[in-house]
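The next block is start_6.cif, given as mmCIF, C-alpha atoms (C1' of nucleotides).
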data_data
#
loop_
_atom_site.label_atom_id
_atom_site.label_comp_id
_atom_site.auth_asym_id
_atom_site.auth_seq_id
_atom_site.Cartn_x
_atom_site.Cartn_y
_atom_site.Cartn_z
CA MET W 20 -76.51 -129.85 83.24
CA SER W 21 -78.75 -132.78 84.01
CA ASN W 22 -77.33 -132.85 87.48
CA THR W 23 -74.15 -132.71 89.43
CA LYS W 24 -72.63 -135.88 88.11
CA VAL W 25 -69.37 -136.41 89.91
CA LEU W 26 -66.94 -138.82 88.41
CA PRO W 27 -66.35 -142.06 90.25
CA LEU W 28 -62.65 -141.63 89.90
CA LEU W 29 -60.90 -142.22 93.09
CA GLU W 30 -61.06 -144.40 96.10
CA PRO W 31 -58.42 -142.67 98.12
CA ALA W 32 -57.14 -144.89 100.85
CA PRO W 33 -56.49 -142.27 103.53
CA GLY W 34 -52.82 -141.55 103.91
CA GLU W 35 -52.12 -143.46 100.74
CA ALA W 36 -51.28 -142.23 97.28
CA ALA W 37 -54.27 -141.67 95.07
CA ALA W 38 -55.65 -144.54 93.05
CA PRO W 39 -56.20 -143.06 89.62
CA CYS W 40 -58.90 -144.24 87.30
CA CYS W 41 -56.42 -145.56 84.80
CA PRO W 42 -52.88 -146.77 84.51
CA PRO W 43 -50.23 -144.37 83.27
CA VAL W 44 -50.69 -143.59 79.61
CA THR W 45 -47.38 -145.27 78.93
CA GLU W 46 -48.34 -148.59 80.45
CA ARG W 47 -50.84 -149.87 77.91
CA PRO W 48 -53.39 -148.43 75.50
CA PHE W 49 -56.40 -147.02 77.28
CA THR W 50 -59.65 -148.83 76.84
CA ALA W 51 -62.59 -146.84 75.54
CA GLU W 52 -64.03 -146.68 79.03
CA GLU W 53 -60.83 -145.52 80.67
CA ALA W 54 -60.34 -142.92 78.00
CA GLU W 55 -63.86 -141.64 78.51
CA THR W 56 -63.28 -141.15 82.20
CA ALA W 57 -59.83 -139.64 82.00
CA ALA W 58 -60.66 -137.41 79.07
CA ARG W 59 -63.42 -135.83 81.08
CA MET W 60 -60.87 -134.61 83.59
CA PHE W 61 -58.45 -133.34 80.98
CA LYS W 62 -61.27 -131.65 79.17
CA ALA W 63 -62.22 -129.80 82.32
CA LEU W 64 -58.74 -128.30 82.42
CA GLY W 65 -58.74 -127.70 78.69
CA ASP W 66 -60.17 -124.23 78.87
CA PRO W 67 -57.93 -121.29 79.80
CA VAL W 68 -60.51 -119.66 82.04
CA ARG W 69 -61.21 -122.90 83.87
CA LEU W 70 -57.54 -123.62 84.26
CA ARG W 71 -56.99 -120.19 85.77
CA LEU W 72 -59.87 -120.70 88.16
CA PHE W 73 -58.59 -124.12 89.10
CA SER W 74 -55.08 -122.87 89.63
CA ALA W 75 -56.38 -119.96 91.66
CA VAL W 76 -58.21 -122.32 93.99
CA ALA W 77 -55.38 -124.84 94.11
CA SER W 78 -52.79 -122.24 94.96
CA HIS W 79 -54.94 -120.38 97.44
CA GLU W 80 -54.27 -120.58 101.12
CA GLY W 81 -55.53 -123.87 102.48
CA GLY W 82 -56.42 -125.15 99.04
CA GLU W 83 -59.72 -123.35 99.11
CA ALA W 84 -60.97 -119.99 97.95
CA CYS W 85 -64.10 -117.91 97.93
CA VAL W 86 -65.50 -117.18 94.50
CA CYS W 87 -64.94 -113.52 95.18
CA ASP W 88 -61.23 -114.20 95.56
CA ILE W 89 -60.75 -115.79 92.16
CA SER W 90 -63.39 -114.35 89.87
CA ASP W 91 -61.11 -111.79 88.30
CA VAL W 92 -60.34 -113.72 85.14
CA GLY W 93 -61.80 -111.40 82.55
CA VAL W 94 -65.20 -112.96 82.03
CA SER W 95 -68.60 -112.18 83.45
CA GLN W 96 -69.82 -113.49 86.77
CA PRO W 97 -72.24 -115.98 85.23
CA THR W 98 -69.43 -117.37 83.14
CA VAL W 99 -67.25 -117.82 86.19
CA SER W 100 -70.09 -119.64 87.88
CA HIS W 101 -70.57 -121.79 84.82
CA HIS W 102 -66.93 -122.84 84.73
CA LEU W 103 -66.78 -123.58 88.42
CA LYS W 104 -69.77 -125.82 87.96
CA LYS W 105 -68.00 -127.65 85.17
CA LEU W 106 -64.95 -128.18 87.35
CA LYS W 107 -67.20 -129.49 90.06
CA GLU W 108 -68.96 -131.86 87.69
CA ALA W 109 -65.59 -133.17 86.58
CA GLY W 110 -64.74 -134.02 90.15
CA LEU W 111 -61.91 -131.54 90.38
CA LEU W 112 -63.47 -129.13 92.83
CA THR W 113 -65.96 -129.25 95.66
CA SER W 114 -67.95 -126.33 96.98
CA GLU W 115 -69.40 -125.31 100.27
CA ARG W 116 -71.47 -122.32 101.22
CA ARG W 117 -70.44 -120.51 104.37
CA GLY W 118 -72.69 -117.60 105.07
CA THR W 119 -72.73 -115.18 102.22
CA TRP W 120 -69.86 -116.72 100.36
CA VAL W 121 -69.26 -119.99 98.55
CA TYR W 122 -65.89 -121.62 98.92
CA TYR W 123 -64.36 -123.93 96.37
CA ARG W 124 -61.78 -126.50 97.29
CA VAL W 125 -59.55 -128.76 95.24
CA GLU W 126 -60.47 -132.39 95.52
CA PRO W 127 -57.23 -133.43 97.15
CA THR W 128 -56.59 -136.77 95.50
CA VAL W 129 -57.31 -135.52 92.02
CA LEU W 130 -54.05 -133.77 91.39
CA ALA W 131 -51.97 -136.79 92.29
CA ALA W 132 -54.25 -139.06 90.32
CA MET W 133 -54.02 -137.01 87.16
CA GLY W 134 -50.30 -136.56 87.60
CA GLN W 135 -49.74 -140.26 87.94
CA LEU W 136 -51.71 -140.76 84.82
CA LEU W 137 -48.96 -138.94 82.96
CA ILE W 138 -45.85 -139.99 84.78
CA LYS W 139 -45.19 -143.28 86.40
CA ALA W 140 -45.36 -142.22 90.02
CA GLY W 141 -44.80 -139.23 92.15
CA PRO W 142 -45.13 -137.64 95.56
CA THR W 143 -48.58 -136.98 96.92
CA ALA W 144 -48.10 -133.35 95.96
CA ALA W 145 -47.30 -130.59 98.37
CA MET G 30 -54.83 -125.88 58.97
CA SER G 31 -52.68 -122.79 58.74
CA ASN G 32 -49.67 -124.92 59.47
CA THR G 33 -48.21 -127.26 61.97
CA LYS G 34 -47.95 -124.83 64.84
CA VAL G 35 -46.08 -126.57 67.60
CA LEU G 36 -46.26 -125.10 71.04
CA PRO G 37 -43.11 -123.53 72.36
CA LEU G 38 -43.42 -125.44 75.56
CA LEU G 39 -40.19 -126.99 76.49
CA GLU G 40 -36.56 -126.32 76.35
CA PRO G 41 -35.43 -129.70 77.49
CA ALA G 42 -31.89 -129.55 78.71
CA PRO G 43 -30.73 -132.98 77.54
CA GLY G 44 -30.55 -135.44 80.38
CA GLU G 45 -32.41 -133.02 82.58
CA ALA G 46 -35.98 -133.06 83.80
CA ALA G 47 -38.43 -131.27 81.58
CA ALA G 48 -38.98 -127.56 81.99
CA PRO G 49 -42.73 -127.16 81.87
CA CYS G 50 -44.41 -124.09 80.53
CA CYS G 51 -45.85 -123.21 83.88
CA PRO G 52 -45.36 -123.73 87.57
CA PRO G 53 -47.42 -126.38 89.33
CA VAL G 54 -51.04 -125.36 89.56
CA THR G 55 -50.70 -125.27 93.30
CA GLU G 56 -47.87 -122.78 93.32
CA ARG G 57 -49.65 -119.63 92.26
CA PRO G 58 -52.59 -118.64 90.06
CA PHE G 59 -51.83 -119.08 86.40
CA THR G 60 -51.56 -115.98 84.33
CA ALA G 61 -53.79 -115.71 81.28
CA GLU G 62 -50.86 -116.55 79.05
CA GLU G 63 -49.77 -119.58 81.03
CA ALA G 64 -53.31 -120.84 81.15
CA GLU G 65 -53.65 -120.46 77.41
CA THR G 66 -50.58 -122.56 76.79
CA ALA G 67 -51.29 -125.27 79.33
CA ALA G 68 -54.98 -125.50 78.48
CA ARG G 69 -54.07 -126.27 74.88
CA MET G 70 -52.28 -129.39 76.04
CA PHE G 71 -55.04 -130.50 78.36
CA LYS G 72 -57.59 -129.84 75.68
CA ALA G 73 -55.72 -132.09 73.31
CA LEU G 74 -56.09 -134.93 75.78
CA GLY G 75 -59.68 -133.98 76.54
CA ASP G 76 -61.18 -136.15 73.83
CA PRO G 77 -61.57 -139.88 74.43
CA VAL G 78 -60.46 -140.85 70.96
CA ARG G 79 -57.40 -138.64 71.13
CA LEU G 80 -56.52 -139.93 74.56
CA ARG G 81 -56.72 -143.50 73.32
CA LEU G 82 -54.53 -142.68 70.36
CA PHE G 83 -52.06 -140.90 72.57
CA SER G 84 -51.98 -143.74 75.06
CA ALA G 85 -51.58 -146.23 72.25
CA VAL G 86 -48.53 -144.40 70.97
CA ALA G 87 -47.11 -143.74 74.42
CA SER G 88 -47.41 -147.35 75.47
CA HIS G 89 -46.17 -148.79 72.21
CA GLU G 90 -42.79 -150.35 71.94
CA GLY G 91 -40.15 -147.66 71.76
CA GLY G 92 -42.65 -144.91 72.36
CA GLU G 93 -43.60 -144.84 68.73
CA ALA G 94 -46.23 -146.50 66.61
CA CYS G 95 -47.38 -146.71 63.04
CA VAL G 96 -50.84 -145.33 62.37
CA CYS G 97 -51.88 -148.79 61.27
CA ASP G 98 -51.03 -150.09 64.73
CA ILE G 99 -53.29 -147.74 66.63
CA SER G 100 -56.12 -146.80 64.32
CA ASP G 101 -58.58 -149.29 65.75
CA VAL G 102 -60.43 -146.88 68.00
CA GLY G 103 -63.89 -147.06 66.49
CA VAL G 104 -63.81 -144.04 64.21
CA SER G 105 -63.10 -143.66 60.53
CA GLN G 106 -59.61 -143.31 59.14
CA PRO G 107 -59.96 -139.61 58.34
CA THR G 108 -61.04 -138.99 61.90
CA VAL G 109 -57.99 -140.81 63.21
CA SER G 110 -55.82 -138.68 60.98
CA HIS G 111 -57.58 -135.57 62.17
CA HIS G 112 -56.99 -136.38 65.83
CA LEU G 113 -53.37 -137.27 65.30
CA LYS G 114 -52.93 -133.91 63.66
CA LYS G 115 -54.45 -132.20 66.65
CA LEU G 116 -52.12 -134.03 69.00
CA LYS G 117 -49.23 -132.98 66.82
CA GLU G 118 -50.33 -129.36 66.80
CA ALA G 119 -50.54 -129.45 70.57
CA GLY G 120 -46.93 -130.55 70.73
CA LEU G 121 -47.71 -133.93 72.22
CA LEU G 122 -46.72 -136.07 69.27
CA THR G 123 -44.29 -135.92 66.40
CA SER G 124 -44.58 -137.83 63.16
CA GLU G 125 -42.17 -139.24 60.66
CA ARG G 126 -42.80 -141.03 57.42
CA ARG G 127 -40.77 -144.17 56.85
CA GLY G 128 -41.59 -145.74 53.54
CA THR G 129 -45.22 -146.56 53.26
CA TRP G 130 -46.05 -145.93 56.89
CA VAL G 131 -46.13 -142.90 59.13
CA TYR G 132 -44.88 -143.31 62.65
CA TYR G 133 -46.01 -141.18 65.55
CA ARG G 134 -43.88 -140.67 68.60
CA VAL G 135 -44.54 -139.10 71.98
CA GLU G 136 -42.69 -135.88 72.50
CA PRO G 137 -40.56 -137.22 75.32
CA THR G 138 -40.47 -134.21 77.62
CA VAL G 139 -44.16 -133.55 77.40
CA LEU G 140 -45.34 -136.22 79.77
CA ALA G 141 -43.04 -135.11 82.54
CA ALA G 142 -43.88 -131.48 81.90
CA MET G 143 -47.61 -132.00 82.14
CA GLY G 144 -47.21 -134.27 85.13
CA GLN G 145 -45.16 -131.70 86.98
CA LEU G 146 -47.81 -129.19 86.22
CA LEU G 147 -50.15 -131.18 88.41
CA ILE G 148 -47.88 -132.49 91.10
CA LYS G 149 -44.88 -130.79 92.54
CA ALA G 150 -42.18 -132.99 91.06
CA GLY G 151 -41.65 -136.45 89.80
CA PRO G 152 -39.35 -138.85 88.05
CA THR G 153 -38.59 -138.32 84.41
CA ALA G 154 -41.05 -141.09 83.65
CA ALA G 155 -40.10 -144.60 82.66
"C1'" DT Z 30 -46.04 -146.47 33.50
"C1'" DG Z 31 -50.02 -148.18 36.16
"C1'" DT Z 32 -51.97 -149.94 40.29
"C1'" DC Z 33 -52.41 -150.88 44.99
"C1'" DT Z 34 -52.08 -149.58 49.92
"C1'" DA Z 35 -51.41 -146.13 53.59
"C1'" DT Z 36 -52.23 -141.67 55.12
"C1'" DG Z 37 -53.67 -136.79 54.76
"C1'" DT Z 38 -57.04 -133.08 53.18
"C1'" DT Z 39 -61.49 -131.07 52.01
"C1'" DG Z 40 -66.17 -129.83 52.69
"C1'" DA Z 41 -70.26 -130.40 54.99
"C1'" DC Z 42 -73.20 -131.70 58.83
"C1'" DG Z 43 -74.97 -131.54 63.62
"C1'" DC Z 44 -73.77 -131.21 68.30
"C1'" DT Z 45 -71.32 -129.07 72.01
"C1'" DT Z 46 -69.36 -125.20 74.31
"C1'" DG Z 47 -68.13 -120.50 75.91
"C1'" DT Z 48 -70.16 -116.32 76.49
"C1'" DC Z 49 -73.41 -112.82 77.90
"C1'" DG Z 50 -77.69 -110.25 79.83
"C1'" DA Z 51 -81.55 -110.96 82.53
"C1'" DT Z 52 -83.27 -113.06 86.27
"C1'" DA Z 53 -83.67 -115.94 90.46
"C1'" DC Z 54 -82.05 -117.49 94.85
"C1'" DA Z 55 -79.49 -117.21 99.43
"C1'" DG Z 56 -78.00 -114.89 103.29
"C1'" DG Z 57 -76.72 -110.79 105.87
"C1'" DT Z 58 -78.06 -106.09 107.64
"C1'" DG Z 59 -80.96 -102.48 108.94
"C1'" DC X 8 -90.14 -106.44 106.66
"C1'" DA X 9 -87.26 -104.23 102.79
"C1'" DC X 10 -82.85 -103.86 100.76
"C1'" DC X 11 -78.24 -105.04 99.40
"C1'" DT X 12 -74.53 -108.23 98.07
"C1'" DG X 13 -72.82 -112.69 96.44
"C1'" DT X 14 -73.71 -116.61 93.62
"C1'" DA X 15 -76.44 -119.69 90.57
"C1'" DT X 16 -79.66 -120.50 86.74
"C1'" DC X 17 -81.95 -119.49 82.33
"C1'" DG X 18 -82.26 -118.47 77.48
"C1'" DA X 19 -80.05 -117.20 73.48
"C1'" DC X 20 -76.35 -116.68 70.33
"C1'" DA X 21 -71.94 -117.50 67.77
"C1'" DA X 22 -68.03 -120.22 67.42
"C1'" DG X 23 -65.71 -124.41 67.80
"C1'" DC X 24 -65.38 -129.37 67.44
"C1'" DG X 25 -65.97 -134.40 66.13
"C1'" DT X 26 -67.45 -136.98 62.53
"C1'" DC X 27 -67.95 -138.81 57.94
"C1'" DA X 28 -67.74 -139.55 52.70
"C1'" DA X 29 -65.21 -138.13 48.91
"C1'" DC X 30 -61.07 -137.03 47.12
"C1'" DA X 31 -55.98 -136.20 47.04
"C1'" DT X 32 -51.26 -137.47 47.87
"C1'" DA X 33 -47.15 -140.49 48.86
"C1'" DG X 34 -44.62 -144.46 48.38
"C1'" DA X 35 -43.97 -149.51 46.97
"C1'" DC X 36 -43.98 -152.71 43.43
"C1'" DA X 37 -44.71 -154.88 39.06
#
Give the structure from the file, written as structure tokens.
Amino acid sequence: MSNTKVLPLLEPAPGEAAAPCCPPVTERPFTAEEAETAARMFKALGDPVRLRLFSAVASHEGGEACVCDISDVGVSQPTVSHHLKKLKEAGLLTSERRGTWVYYRVEPTVLAAMGQLLIKAGPTAA
Amino acid sequence: MSNTKVLPLLEPAPGEAAAPCCPPVTERPFTAEEAETAARMFKALGDPVRLRLFSAVASHEGGEACVCDISDVGVSQPTVSHHLKKLKEAGLLTSERRGTWVYYRVEPTVLAAMGQLLIKAGPTAA
DNA sequence: TGTCTATGTTGACGCTTGTCGATACAGGTG
DNA sequence: CACCTGTATCGACAAGCGTCAACATAGACA
């Protein structure tokens, strides 16, 4: 709301695995600060409509999709826009306007970072 | 509330990697049903207090912890109980009473399942 | 039995969130 | 310029959620 507050989650060394905000959940109890940060990401994926939108973008060709390509999720256009904004504010998506259309793209390091938060390590995704 | 409705997420073939509810988000757009199921898990981790509790259990010796070991998260005891219930309902934790204390344990396949939902594949965790 | 500790449940409160219709803005086309 | 399409914002509403104090329940122990 206030503004587009993107989370300071990741400092992705290029070509390197993502550096998540927090250690794996199994390593040690999260501090309040870590939990605040990580929970914001999980929360963003905690709505079915948002998860569908996110998955639609993530699975789209080139990891990016026009809003018009993914907005068929059973809610009104303003609601789609609202959810995409939330995903953007959570640092999961970025957007770029190209002519008439707006394209959303998955923040590439985010998937690996969140994944590594749950399991010890893993490939940089596909 | 109604009852302890555990999600029918996983059919873990013993000794085998977890079978998540859904394909990786990058594979194809989630259906409404898949999104509903997966979002319930993410939502459960989308609260800072719950995430701290979950991490506290997950990182505790043996993957299980007494409530008394983890309830120092800055909220009242009923609130802790409430959040643990939510995590249980989401299928992320199980609980067992042993004498005076109640022990919570991480549903072992869940971490791998959620992780593989974000990245293509990974180790069975540590 | 009674009492103490540990945990769960209930009921209420305020805040947040998901949703929509109406409207505004951006960019293309004629 | 006017008009149309795609997307974002606004304002309002209902529902959900996190929180607490008060109370209830379960087990240990004397």
- [ ] Please provide as a list in words all residues within 10 Å of Val99 of chain W, with the sequence filter that same-chain residues fewer than 3 positions apart are discarded (counting all atoms listed in the file).
- [x] Val68, Arg69, Leu72, Val86, Ile89, Ser90, Asp91, Val92, Gly93, Val94, Ser95, Gln96, His102, Leu103, Lys104 and Lys105 of chain W; DT14 of chain X
- [ ] Using the chain letters and numbers from the file, give me the residues hit by the PyMOL selection byres ((chain W and resi 123) around 7), as a PyMOL selection string.
- [x] chain W and resi 76+83-85+112-115+121-122+124-125
Open item on the list: Please enumerate the residues selected by the PyMOL selection byres ((chain W) within 9 of (chain Z)) when evaluated against the supplied file, formatted as a ChimeraX atom specification.
Closed with: /W:94-95,97-98,118-120
- [ ] Please indicate the distance in Å from atom CA of Ala63 of chain W to atom CA of Ala109 of chain W, rounded to one decimal place.
- [x]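 Here the two named atoms are 6.4 Å from each other.
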Task: Residues matched by the PyMOL selection byres ((chain G) within 8 of (chain W)) as a VMD selection string - done: chain G and resid 54 to 61 64 to 65 67 to 78 80 to 89 102 140 to 141 143 to 155
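Distances here use all atoms listed in the file; by that measure, the residue among G:Gly91, G:Ser110, G:Cys51, G:Asp98 closest to chain X is G:Ser110.
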TODO: Would you give me, as a PyMOL selection string, the residues of chain X that come within 10 Å of chain W, using all atoms listed in the file?
DONE: chain X and resi 12-16
Open item on the list: Please report the interatomic distance between atom CA of Lys117 of chain G and atom CA of Glu136 of chain G in Å with one decimal.
Closed with: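 Atom CA of Glu136 of chain G lies 9.1 Å from atom CA of Lys117 of chain G.
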Quick one: 8 Å padding each side, axis-aligned, all listed atoms of segment 44-57 of chain Z - centre and edge lengths in Å to one decimal, as JSON?
{"center_x": -75.9, "center_y": -120.7, "center_z": 87.1, "size_x": 31.5, "size_y": 37.0, "size_z": 53.6}
Open item on the list: Rounded to one decimal, what separation in Å do you get between atom C1' of DA19 of chain X and atom CA of Leu106 of chain W?
Closed with: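 Straight-line distance from atom C1' of DA19 of chain X to atom CA of Leu106 of chain W works out to 23.3 Å.
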Would you mind putting back N, CA, C and O atoms on segment 76-102 of chain W, then writing it out as a compact mmCIF listing (two decimals), in the coordinates of the input?
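Contents of selection.txt, freshly written:
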# COMPACT_ATOMS: atom_id res chain seq x y z
N VAL W 76 -57.74 -121.60 92.81
CA VAL W 76 -58.21 -122.32 93.99
C VAL W 76 -57.08 -123.18 94.55
O VAL W 76 -56.81 -123.17 95.76
N ALA W 77 -56.40 -123.89 93.67
CA ALA W 77 -55.38 -124.84 94.11
C ALA W 77 -54.23 -124.14 94.81
O ALA W 77 -53.62 -124.70 95.73
N SER W 78 -53.94 -122.93 94.37
CA SER W 78 -52.79 -122.24 94.96
C SER W 78 -53.21 -121.34 96.11
O SER W 78 -52.35 -120.72 96.73
N HIS W 79 -54.48 -121.27 96.38
CA HIS W 79 -54.94 -120.38 97.44
C HIS W 79 -54.66 -121.02 98.80
O HIS W 79 -54.53 -122.23 98.92
N GLU W 80 -54.57 -120.16 99.76
CA GLU W 80 -54.27 -120.58 101.12
C GLU W 80 -55.24 -121.66 101.58
O GLU W 80 -56.45 -121.48 101.55
N GLY W 81 -54.70 -122.78 101.98
CA GLY W 81 -55.53 -123.87 102.48
C GLY W 81 -56.20 -124.66 101.40
O GLY W 81 -57.05 -125.50 101.67
N GLY W 82 -55.83 -124.40 100.14
CA GLY W 82 -56.42 -125.15 99.04
C GLY W 82 -57.88 -124.83 98.81
O GLY W 82 -58.57 -125.56 98.11
N GLU W 83 -58.34 -123.74 99.36
CA GLU W 83 -59.72 -123.35 99.11
C GLU W 83 -59.81 -121.85 98.94
O GLU W 83 -58.97 -121.10 99.44
N ALA W 84 -60.82 -121.41 98.22
CA ALA W 84 -60.97 -119.99 97.95
C ALA W 84 -62.44 -119.66 97.76
O ALA W 84 -63.22 -120.46 97.24
N CYS W 85 -62.78 -118.46 98.19
CA CYS W 85 -64.10 -117.91 97.93
C CYS W 85 -64.17 -117.49 96.47
O CYS W 85 -63.16 -117.11 95.88
N VAL W 86 -65.32 -117.59 95.89
CA VAL W 86 -65.50 -117.18 94.50
C VAL W 86 -65.03 -115.75 94.31
O VAL W 86 -64.38 -115.43 93.32
N CYS W 87 -65.31 -114.93 95.30
CA CYS W 87 -64.94 -113.52 95.18
C CYS W 87 -63.44 -113.33 95.09
O CYS W 87 -62.97 -112.33 94.56
N ASP W 88 -62.68 -114.31 95.58
CA ASP W 88 -61.23 -114.20 95.56
C ASP W 88 -60.64 -114.50 94.20
O ASP W 88 -59.49 -114.14 93.92
N ILE W 89 -61.35 -115.23 93.38
CA ILE W 89 -60.75 -115.79 92.16
C ILE W 89 -61.47 -115.37 90.90
O ILE W 89 -61.07 -115.76 89.80
N SER W 90 -62.53 -114.57 91.03
CA SER W 90 -63.39 -114.35 89.87
C SER W 90 -62.87 -113.25 88.94
O SER W 90 -63.59 -112.85 88.04
N ASP W 91 -61.64 -112.84 89.15
CA ASP W 91 -61.11 -111.79 88.30
C ASP W 91 -60.31 -112.40 87.15
O ASP W 91 -59.10 -112.29 87.07
N VAL W 92 -61.02 -113.05 86.25
CA VAL W 92 -60.34 -113.72 85.14
C VAL W 92 -60.81 -113.19 83.78
O VAL W 92 -60.56 -113.82 82.76
N GLY W 93 -61.48 -112.06 83.80
CA GLY W 93 -61.80 -111.40 82.55
C GLY W 93 -63.09 -111.84 81.89
O GLY W 93 -63.34 -111.48 80.74
N VAL W 94 -63.90 -112.60 82.58
CA VAL W 94 -65.20 -112.96 82.03
C VAL W 94 -66.27 -112.58 83.04
O VAL W 94 -65.98 -112.27 84.20
N SER W 95 -67.51 -112.63 82.60
CA SER W 95 -68.60 -112.18 83.45
C SER W 95 -68.82 -113.14 84.62
O SER W 95 -68.36 -114.27 84.61
N GLN W 96 -69.55 -112.66 85.59
CA GLN W 96 -69.82 -113.49 86.77
C GLN W 96 -70.57 -114.76 86.42
O GLN W 96 -70.22 -115.84 86.94
N PRO W 97 -71.59 -114.72 85.58
CA PRO W 97 -72.24 -115.98 85.23
C PRO W 97 -71.30 -116.98 84.56
O PRO W 97 -71.42 -118.18 84.77
N THR W 98 -70.37 -116.47 83.79
CA THR W 98 -69.43 -117.37 83.14
C THR W 98 -68.50 -118.01 84.15
O THR W 98 -68.20 -119.21 84.07
N VAL W 99 -68.06 -117.24 85.12
CA VAL W 99 -67.25 -117.82 86.19
C VAL W 99 -68.02 -118.93 86.88
O VAL W 99 -67.51 -120.04 87.10
N SER W 100 -69.26 -118.65 87.20
CA SER W 100 -70.09 -119.64 87.88
C SER W 100 -70.24 -120.90 87.03
O SER W 100 -70.19 -122.02 87.53
N HIS W 101 -70.44 -120.68 85.75
CA HIS W 101 -70.57 -121.79 84.82
C HIS W 101 -69.32 -122.68 84.82
O HIS W 101 -69.42 -123.91 84.87
N HIS W 102 -68.17 -122.06 84.79
CA HIS W 102 -66.93 -122.84 84.73
C HIS W 102 -66.66 -123.57 86.05
O HIS W 102 -66.20 -124.70 86.05
